[in-house]
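Shown below: coords02.pdb, with PDB, C-alpha atoms, pLDDT in the B column.
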```pdb
MODEL        1
ATOM      1  CA  MET D 223     -22.084  17.539  13.809  1.00 84.00           C
ATOM      2  CA  ASP D 224     -22.099  17.592  17.595  1.00 84.00           C
ATOM      3  CA  GLN D 225     -25.875  17.105  17.635  1.00 89.00           C
ATOM      4  CA  LEU D 226     -25.536  14.128  15.317  1.00 87.00           C
ATOM      5  CA  LYS D 227     -22.828  12.574  17.522  1.00 87.00           C
ATOM      6  CA  ASP D 228     -24.976  13.141  20.620  1.00 87.00           C
ATOM      7  CA  GLU D 229     -27.999  11.565  18.940  1.00 88.00           C
ATOM      8  CA  ILE D 230     -25.999   8.518  17.880  1.00 87.00           C
ATOM      9  CA  ALA D 231     -24.443   8.195  21.353  1.00 87.00           C
ATOM     10  CA  GLU D 232     -27.914   8.192  22.963  1.00 87.00           C
ATOM     11  CA  ASN D 233     -29.237   5.458  20.666  1.00 86.00           C
ATOM     12  CA  VAL D 234     -26.374   2.947  20.775  1.00 88.00           C
ATOM     13  CA  GLY D 235     -25.529   0.308  23.316  1.00 86.00           C
ATOM     14  CA  PRO D 236     -23.595  -2.905  23.888  1.00 87.00           C
ATOM     15  CA  GLN D 237     -25.520  -4.595  21.049  1.00 90.00           C
ATOM     16  CA  THR D 238     -24.420  -1.945  18.525  1.00 89.00           C
ATOM     17  CA  LEU D 239     -21.669  -2.533  15.986  1.00 90.00           C
ATOM     18  CA  LEU D 240     -20.211   0.467  14.168  1.00 89.00           C
ATOM     19  CA  ILE D 241     -18.250  -0.335  11.002  1.00 90.00           C
ATOM     20  CA  LEU D 242     -15.905   2.374   9.755  1.00 88.00           C
ATOM     21  CA  PRO D 243     -14.141   1.970   6.407  1.00 86.00           C
ATOM     22  CA  GLU D 244     -11.064   4.114   5.721  1.00 84.00           C
ATOM     23  CA  ALA D 245     -10.476   4.604   9.446  1.00 84.00           C
ATOM     24  CA  LYS D 246      -7.190   6.384   8.853  1.00 82.00           C
ATOM     25  CA  ARG D 247      -9.185   9.365   7.581  1.00 85.00           C
ATOM     26  CA  LEU D 248     -11.144   9.830  10.801  1.00 85.00           C
ATOM     27  CA  SER D 249     -10.645  13.207  12.411  1.00 86.00           C
ATOM     28  CA  THR D 250      -9.297  13.534  15.943  1.00 85.00           C
ATOM     29  CA  GLY D 251     -12.695  14.621  17.274  1.00 86.00           C
ATOM     30  CA  ILE D 252     -14.400  11.547  15.812  1.00 87.00           C
ATOM     31  CA  ARG D 253     -11.721   9.258  17.234  1.00 87.00           C
ATOM     32  CA  TYR D 254     -12.184  10.694  20.740  1.00 88.00           C
ATOM     33  CA  TRP D 255     -15.953  10.367  20.355  1.00 88.00           C
ATOM     34  CA  LEU D 256     -15.487   6.725  19.279  1.00 88.00           C
ATOM     35  CA  GLU D 257     -13.287   6.153  22.312  1.00 88.00           C
ATOM     36  CA  ASP D 258     -16.155   7.303  24.542  1.00 88.00           C
ATOM     37  CA  LEU D 259     -18.525   4.953  22.702  1.00 89.00           C
ATOM     38  CA  ILE D 260     -16.112   2.039  23.106  1.00 88.00           C
ATOM     39  CA  ASN D 261     -15.904   2.756  26.844  1.00 88.00           C
ATOM     40  CA  ALA D 262     -19.722   2.686  26.902  1.00 87.00           C
ATOM     41  CA  GLY D 263     -19.679  -0.837  25.439  1.00 89.00           C
ATOM     42  CA  VAL D 264     -20.260  -0.152  21.747  1.00 89.00           C
ATOM     43  CA  ARG D 265     -18.338  -2.453  19.418  1.00 90.00           C
ATOM     44  CA  VAL D 266     -16.374  -0.658  16.715  1.00 88.00           C
ATOM     45  CA  CYS D 267     -14.795  -2.234  13.639  1.00 89.00           C
ATOM     46  CA  CYS D 268     -12.327  -0.005  11.762  1.00 87.00           C
ATOM     47  CA  PHE D 269     -10.830  -0.883   8.397  1.00 86.00           C
ATOM     48  CA  ALA D 270      -7.501   0.613   7.350  1.00 83.00           C
ATOM     49  CA  ALA D 271      -4.633  -0.382   5.087  1.00 79.00           C
ATOM     50  CA  ALA D 272      -2.201   0.167   7.964  1.00 79.00           C
ATOM     51  CA  ASN D 273      -2.702   0.609  11.693  1.00 79.00           C
ATOM     52  CA  PRO D 274      -2.088   4.305  12.480  1.00 79.00           C
ATOM     53  CA  GLY D 275      -0.934   3.284  15.972  1.00 80.00           C
ATOM     54  CA  LYS D 276      -2.543   6.137  17.885  1.00 80.00           C
ATOM     55  CA  ASP D 277      -5.654   7.007  19.892  1.00 78.00           C
ATOM     56  CA  ILE D 278      -8.322   4.331  19.714  1.00 81.00           C
ATOM     57  CA  PHE D 279      -6.262   2.146  17.419  1.00 81.00           C
ATOM     58  CA  LEU D 280      -3.935   1.308  20.307  1.00 82.00           C
ATOM     59  CA  GLU D 281      -6.833  -0.220  22.231  1.00 81.00           C
ATOM     60  CA  MET D 282      -8.306  -2.177  19.338  1.00 82.00           C
ATOM     61  CA  LEU D 283      -7.600  -5.735  18.374  1.00 82.00           C
ATOM     62  CA  GLU D 284      -5.672  -5.824  15.108  1.00 83.00           C
ATOM     63  CA  ILE D 285      -6.511  -8.466  12.540  1.00 83.00           C
ATOM     64  CA  GLU D 286      -4.640  -8.648   9.270  1.00 82.00           C
ATOM     65  CA  LEU D 287      -6.708  -9.943   6.383  1.00 80.00           C
ATOM     66  CA  GLU D 288      -5.156 -12.255   3.831  1.00 84.00           C
ATOM     67  CA  LEU D 289      -4.628 -10.934   0.347  1.00 82.00           C
ATOM     68  CA  PRO D 290      -7.067 -12.302  -2.220  1.00 86.00           C
ATOM     69  CA  THR D 291      -5.792 -15.160  -4.342  1.00 87.00           C
ATOM     70  CA  ASP D 292      -5.260 -14.851  -8.085  1.00 86.00           C
ATOM     71  CA  GLN D 293      -8.439 -16.860  -8.613  1.00 89.00           C
ATOM     72  CA  ILE D 294     -10.496 -14.413  -6.540  1.00 91.00           C
ATOM     73  CA  ILE D 295      -9.012 -11.497  -8.499  1.00 89.00           C
ATOM     74  CA  ARG D 296      -9.977 -13.185 -11.779  1.00 89.00           C
ATOM     75  CA  GLU D 297     -13.481 -13.826 -10.451  1.00 91.00           C
ATOM     76  CA  THR D 298     -13.732 -10.151  -9.473  1.00 91.00           C
ATOM     77  CA  MET D 299     -12.594  -9.154 -12.956  1.00 91.00           C
ATOM     78  CA  GLN D 300     -15.103 -11.548 -14.546  1.00 92.00           C
ATOM     79  CA  ALA D 301     -17.947 -10.193 -12.390  1.00 92.00           C
ATOM     80  CA  GLU D 302     -17.022  -6.600 -13.297  1.00 92.00           C
ATOM     81  CA  ALA D 303     -16.870  -7.533 -16.985  1.00 91.00           C
ATOM     82  CA  GLU D 304     -20.316  -9.132 -16.777  1.00 92.00           C
ATOM     83  CA  ARG D 305     -21.681  -6.076 -14.967  1.00 92.00           C
ATOM     84  CA  LEU D 306     -20.368  -3.880 -17.774  1.00 90.00           C
ATOM     85  CA  GLY D 307     -21.594  -6.244 -20.510  1.00 90.00           C
ATOM     86  CA  LEU D 308     -18.080  -7.084 -21.632  1.00 88.00           C
ATOM     87  CA  GLN D 309     -17.102 -10.563 -22.786  1.00 89.00           C
ATOM     88  CA  LEU D 310     -13.601 -11.507 -21.635  1.00 87.00           C
ATOM     89  CA  SER D 311     -12.077 -14.883 -22.403  1.00 87.00           C
ATOM     90  CA  GLN D 312     -10.139 -16.771 -19.776  1.00 88.00           C
ATOM     91  CA  SER D 313      -6.913 -16.086 -21.666  1.00 87.00           C
ATOM     92  CA  ARG D 314      -7.600 -12.331 -21.707  1.00 86.00           C
ATOM     93  CA  LEU D 315      -8.374 -12.433 -17.972  1.00 86.00           C
ATOM     94  CA  ALA D 316      -5.065 -14.206 -17.454  1.00 85.00           C
ATOM     95  CA  GLU D 317      -3.294 -11.438 -19.380  1.00 85.00           C
ATOM     96  CA  LEU D 318      -5.028  -8.662 -17.429  1.00 86.00           C
ATOM     97  CA  GLN D 319      -4.784 -10.206 -13.959  1.00 85.00           C
ATOM     98  CA  PRO D 320      -1.081  -9.372 -13.338  1.00 84.00           C
ATOM     99  CA  LEU D 321      -1.871  -5.684 -13.911  1.00 84.00           C
ATOM    100  CA  ALA D 322      -4.058  -5.686 -10.805  1.00 83.00           C
ATOM    101  CA  GLY D 323      -1.812  -7.681  -8.494  1.00 81.00           C
ATOM    102  CA  ARG D 324      -3.898  -8.730  -5.492  1.00 82.00           C
ATOM    103  CA  ASN D 325      -6.048  -5.593  -5.346  1.00 84.00           C
ATOM    104  CA  PRO D 326      -9.770  -6.045  -6.205  1.00 87.00           C
ATOM    105  CA  MET D 327     -10.212  -2.312  -6.821  1.00 87.00           C
ATOM    106  CA  LEU D 328      -7.391  -2.323  -9.361  1.00 87.00           C
ATOM    107  CA  ALA D 329      -8.915  -5.445 -10.906  1.00 88.00           C
ATOM    108  CA  ARG D 330     -12.172  -3.572 -11.497  1.00 91.00           C
ATOM    109  CA  LYS D 331     -10.263  -0.597 -12.879  1.00 90.00           C
ATOM    110  CA  VAL D 332      -8.336  -2.810 -15.303  1.00 89.00           C
ATOM    111  CA  VAL D 333     -11.627  -4.224 -16.624  1.00 90.00           C
ATOM    112  CA  ARG D 334     -13.126  -0.732 -16.987  1.00 90.00           C
ATOM    113  CA  ASN D 335     -10.013   0.357 -18.897  1.00 88.00           C
ATOM    114  CA  GLU D 336     -10.319  -2.724 -21.097  1.00 86.00           C
ATOM    115  CA  ARG D 337     -13.944  -1.854 -21.848  1.00 85.00           C
ATOM    116  CA  LEU D 338     -12.908   1.654 -22.879  1.00 85.00           C
ATOM    117  CA  GLY D 339     -10.215   0.183 -25.113  1.00 80.00           C
ATOM    118  CA  LEU D 340      -7.400   1.942 -23.300  1.00 76.00           C
ATOM    119  CA  ASN D 341      -3.935   0.615 -23.906  1.00 69.00           C
ATOM    120  CA  GLN D 342      -3.079  -1.196 -20.689  1.00 66.00           C
ATOM    121  CA  GLU D 343       0.521  -0.708 -19.673  1.00 65.00           C
ATOM    122  CA  ALA D 344       2.661  -3.792 -19.452  1.00 56.00           C
ATOM    123  CA  SER D 345       3.868  -2.666 -16.035  1.00 53.00           C
ATOM    124  CA  PRO D 346       1.468  -3.361 -13.193  1.00 52.00           C
ATOM    125  CA  GLN D 347      -0.076  -0.502 -11.216  1.00 56.00           C
ATOM    126  CA  HIS D 348       0.289  -2.254  -7.900  1.00 54.00           C
ATOM    127  CA  THR D 349       3.246  -2.076  -5.558  1.00 57.00           C
ATOM    128  CA  GLN D 350       3.959  -5.681  -4.645  1.00 56.00           C
ATOM    129  CA  TYR D 351       7.713  -5.434  -4.680  1.00 60.00           C
ATOM    130  CA  VAL D 352      10.502  -5.402  -2.170  1.00 67.00           C
ATOM    131  CA  VAL D 353      12.295  -2.119  -1.547  1.00 70.00           C
ATOM    132  CA  VAL D 354      16.030  -2.873  -1.586  1.00 75.00           C
ATOM    133  CA  MET D 355      17.229   0.706  -1.165  1.00 75.00           C
ATOM    134  CA  PRO D 356      17.918   0.320   2.602  1.00 79.00           C
ATOM    135  CA  ILE D 357      20.051  -2.758   1.887  1.00 81.00           C
ATOM    136  CA  LEU D 358      21.963  -0.880  -0.815  1.00 78.00           C
ATOM    137  CA  ILE D 359      22.555   2.093   1.490  1.00 81.00           C
ATOM    138  CA  ALA D 360      23.770  -0.264   4.248  1.00 82.00           C
ATOM    139  CA  CYS D 361      26.242  -1.875   1.838  1.00 81.00           C
ATOM    140  CA  LEU D 362      27.522   1.531   0.763  1.00 80.00           C
ATOM    141  CA  MET D 363      27.976   2.513   4.408  1.00 83.00           C
ATOM    142  CA  ALA D 364      29.880  -0.717   5.011  1.00 84.00           C
ATOM    143  CA  PHE D 365      32.256   0.137   2.166  1.00 81.00           C
ATOM    144  CA  GLY D 366      32.694   3.601   3.674  1.00 81.00           C
ATOM    145  CA  ILE D 367      33.531   2.018   7.024  1.00 84.00           C
ATOM    146  CA  VAL D 368      36.074  -0.288   5.332  1.00 83.00           C
ATOM    147  CA  ARG D 369      37.654   2.808   3.787  1.00 82.00           C
ATOM    148  CA  PHE D 370      37.965   4.512   7.184  1.00 82.00           C
ATOM    149  CA  ILE D 371      39.345   1.344   8.781  1.00 86.00           C
ATOM    150  CA  GLY D 372      41.992   1.308   6.057  1.00 84.00           C
ATOM    151  CA  LEU D 373      42.750   4.957   6.760  1.00 82.00           C
ATOM    152  CA  GLY D 374      42.966   4.357  10.513  1.00 85.00           C
ATOM    153  CA  THR D 375      45.183   1.282  10.261  1.00 88.00           C
ATOM    154  CA  ARG D 376      47.253   2.836   7.480  1.00 85.00           C
ATOM    155  CA  ASN D 377      46.494  -0.127   5.283  1.00 87.00           C
ATOM    156  CA  GLN D 378      46.663   1.462   1.845  1.00 87.00           C
ATOM    157  CA  SER D 379      45.120  -1.481  -0.046  1.00 87.00           C
ATOM    158  CA  LEU D 380      42.111  -1.575   2.313  1.00 84.00           C
ATOM    159  CA  TYR D 381      41.747   2.201   1.986  1.00 84.00           C
ATOM    160  CA  ILE D 382      41.852   2.031  -1.817  1.00 87.00           C
ATOM    161  CA  PHE D 383      39.485  -0.957  -1.972  1.00 85.00           C
ATOM    162  CA  GLY D 384      36.954   0.705   0.353  1.00 82.00           C
ATOM    163  CA  GLY D 385      37.075   3.991  -1.545  1.00 82.00           C
ATOM    164  CA  THR D 386      36.802   2.328  -4.960  1.00 86.00           C
ATOM    165  CA  ALA D 387      33.920   0.109  -3.845  1.00 84.00           C
ATOM    166  CA  LEU D 388      32.123   3.098  -2.317  1.00 82.00           C
ATOM    167  CA  VAL D 389      32.439   5.153  -5.508  1.00 83.00           C
ATOM    168  CA  ALA D 390      31.416   2.173  -7.677  1.00 83.00           C
ATOM    169  CA  GLY D 391      28.416   1.496  -5.459  1.00 80.00           C
ATOM    170  CA  MET D 392      27.294   5.135  -5.510  1.00 81.00           C
ATOM    171  CA  THR D 393      27.672   5.151  -9.307  1.00 81.00           C
ATOM    172  CA  MET D 394      25.531   2.019  -9.623  1.00 79.00           C
ATOM    173  CA  LYS D 395      22.939   3.492  -7.274  1.00 78.00           C
ATOM    174  CA  GLN D 396      22.692   6.646  -9.357  1.00 78.00           C
ATOM    175  CA  LEU D 397      22.552   4.704 -12.632  1.00 74.00           C
ATOM    176  CA  GLY D 398      19.751   2.574 -11.180  1.00 72.00           C
ATOM    177  CA  GLN D 399      17.650   5.683 -10.698  1.00 71.00           C
ATOM    178  CA  VAL D 400      17.836   6.760 -14.354  1.00 65.00           C
ATOM    179  CA  ARG D 401      14.450   6.418 -15.975  1.00 65.00           C
ATOM    180  CA  GLY D 402      12.899   7.693 -19.153  1.00 57.00           C
ATOM    181  CA  ALA D 403       9.772   9.793 -19.326  1.00 53.00           C
ATOM    182  CA  ARG D 404       7.266   8.338 -16.883  1.00 53.00           C
ATOM    183  CA  LYS D 405       4.354  10.634 -17.629  1.00 51.00           C
ATOM    184  CA  ARG D 406       1.394   9.101 -19.332  1.00 47.00           C
ATOM    185  CA  LEU D 407      -0.836  10.748 -21.850  1.00 41.00           C
ATOM    186  CA  GLY D 408      -2.826  13.542 -20.225  1.00 42.00           C
ATOM    187  CA  GLN D 409      -0.514  14.090 -17.255  1.00 38.00           C
TER     188      GLN D 409
ENDMDL
END
```

Would you kindly transcribe this structure into structure tokens?
Amino acid sequence: MDQLKDEIAENVGPQTLLILPEAKRLSTGIRYWLEDLINAGVRVCCFAAANPGKDIFLEMLEIELELPTDQIIRETMQAEAERLGLQLSQSRLAELQPLAGRNPMLARKVVRNERLGLNQEASPQHTQYVVVMPILIACLMAFGIVRFIGLGTRNQSLYIFGGTALVAGMTMKQLGQVRGARKRLGQ
């Protein structure tokens, strides 16, 4: 590996552009080697879902790409269907598109699953949702604080209200986490 890195370092210059997909998976040794190349004038383009915020990533310019539109996702699905020899109507593409969200890789996977005749789940596989758990925890803490204020000021109604709201909120939080069997066939 060291010989390969040395050979690459000898044959690159300011006109060289290195493109690295999945940059978050780069080892520490490779990142330090890339740092030396960057200092020598080599241009490096790293793709990652999130900026790791360390080593060479601190020195790089960060550009966030826009998510693909629904139309681009449908076009990706149509191209994958054509590649696989599958005929999908526009209405079927419209039904399948929400399962992929804005992820082209999931769009291709949905089409491959459709070709195999797998039962596509009604719930999407993507994670385009807002996590509200921190807000819920903050509200529960606020009710706990109200309870302690009632205890400190000897205000019995405030103490009872804060305690009741805290217990009710914790109950709702726990009930919100109840789910049925989430395993799919073969898991």

Selected by the PyMOL selection byres ((chain D and resi 306) around 12) in the shown coordinates: which residues, as a list in words?
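Applying the expression gives Met299, Gln300, Ala301, Glu302, Ala303, Glu304, Arg305, Gly307, Leu308, Gln309, Leu310, Arg330, Lys331, Val333, Arg334, Asn335, Glu336, Arg337 and Leu338 of chain D.
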
Distance query Ala364 in chain D at most 10 Å, only C-alpha atoms, self and fewer than 5 positions along chain excluded, as a list in words:
Leu358, Ile359, Arg369, Phe370, Gly384, Ala387 and Leu388 of chain D

Please evaluate the PyMOL selection byres ((chain D and resi 284) around 10) against the structure above and give the resulting residues as a list in words.
Cys267, Cys268, Phe269, Ala272, Asn273, Phe279, Leu280, Glu281, Met282, Leu283, Ile285, Glu286 and Leu287 of chain D

Quick one: which residues end up in the PyMOL selection byres ((chain D and resi 325) around 9) for this structure, as a list in words?
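Applying the expression gives Leu289, Pro290, Ile295, Ala322, Gly323, Arg324, Pro326, Met327, Leu328, Ala329, Arg330 and His348 of chain D.
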
Just the selected residues (C-alpha atoms), exported as a short mmCIF file (atom, residue, chain, number, x, y, z; two decimals), in the coordinates of the input, please.
```cif
data_model
loop_
_atom_site.label_atom_id
_atom_site.label_comp_id
_atom_site.auth_asym_id
_atom_site.auth_seq_id
_atom_site.Cartn_x
_atom_site.Cartn_y
_atom_site.Cartn_z
CA LEU D 289 -4.63 -10.93 0.35
CA PRO D 290 -7.07 -12.30 -2.22
CA ILE D 295 -9.01 -11.50 -8.50
CA ALA D 322 -4.06 -5.69 -10.80
CA GLY D 323 -1.81 -7.68 -8.49
CA ARG D 324 -3.90 -8.73 -5.49
CA PRO D 326 -9.77 -6.04 -6.20
CA MET D 327 -10.21 -2.31 -6.82
CA LEU D 328 -7.39 -2.32 -9.36
CA ALA D 329 -8.91 -5.44 -10.91
CA ARG D 330 -12.17 -3.57 -11.50
CA HIS D 348 0.29 -2.25 -7.90
#
```

Distance of CA of Lys246 in chain D from CA of Ile230 in chain D, expressed in Å to one decimal place:
21.0 Å

So that I can check the surroundings of Glu232 in chain D, please list as a list in words every protein, DNA and RNA residue that reaches within 10 Å of it, counting all atoms listed in the file and ignoring chain neighbours fewer than 5 positions away.
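Within the cut-off, the hits are Leu226, Lys227 and Leu259 of chain D.
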
Expected file contents, prior selection, C-alpha atoms, as a PDB file, keeping the file's coordinate frame:
```
ATOM      1  CA  LEU D 226     -25.536  14.128  15.317  1.00 87.00           C
ATOM      2  CA  LYS D 227     -22.828  12.574  17.522  1.00 87.00           C
ATOM      3  CA  LEU D 259     -18.525   4.953  22.702  1.00 89.00           C
TER       4      LEU D 259
END
```

What's the separation between CA of Val389 in chain D and CA of Arg376 in chain D, in Å to one decimal place?
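Result for CA of Val389 in chain D versus CA of Arg376 in chain D: 19.8 Å, one decimal.
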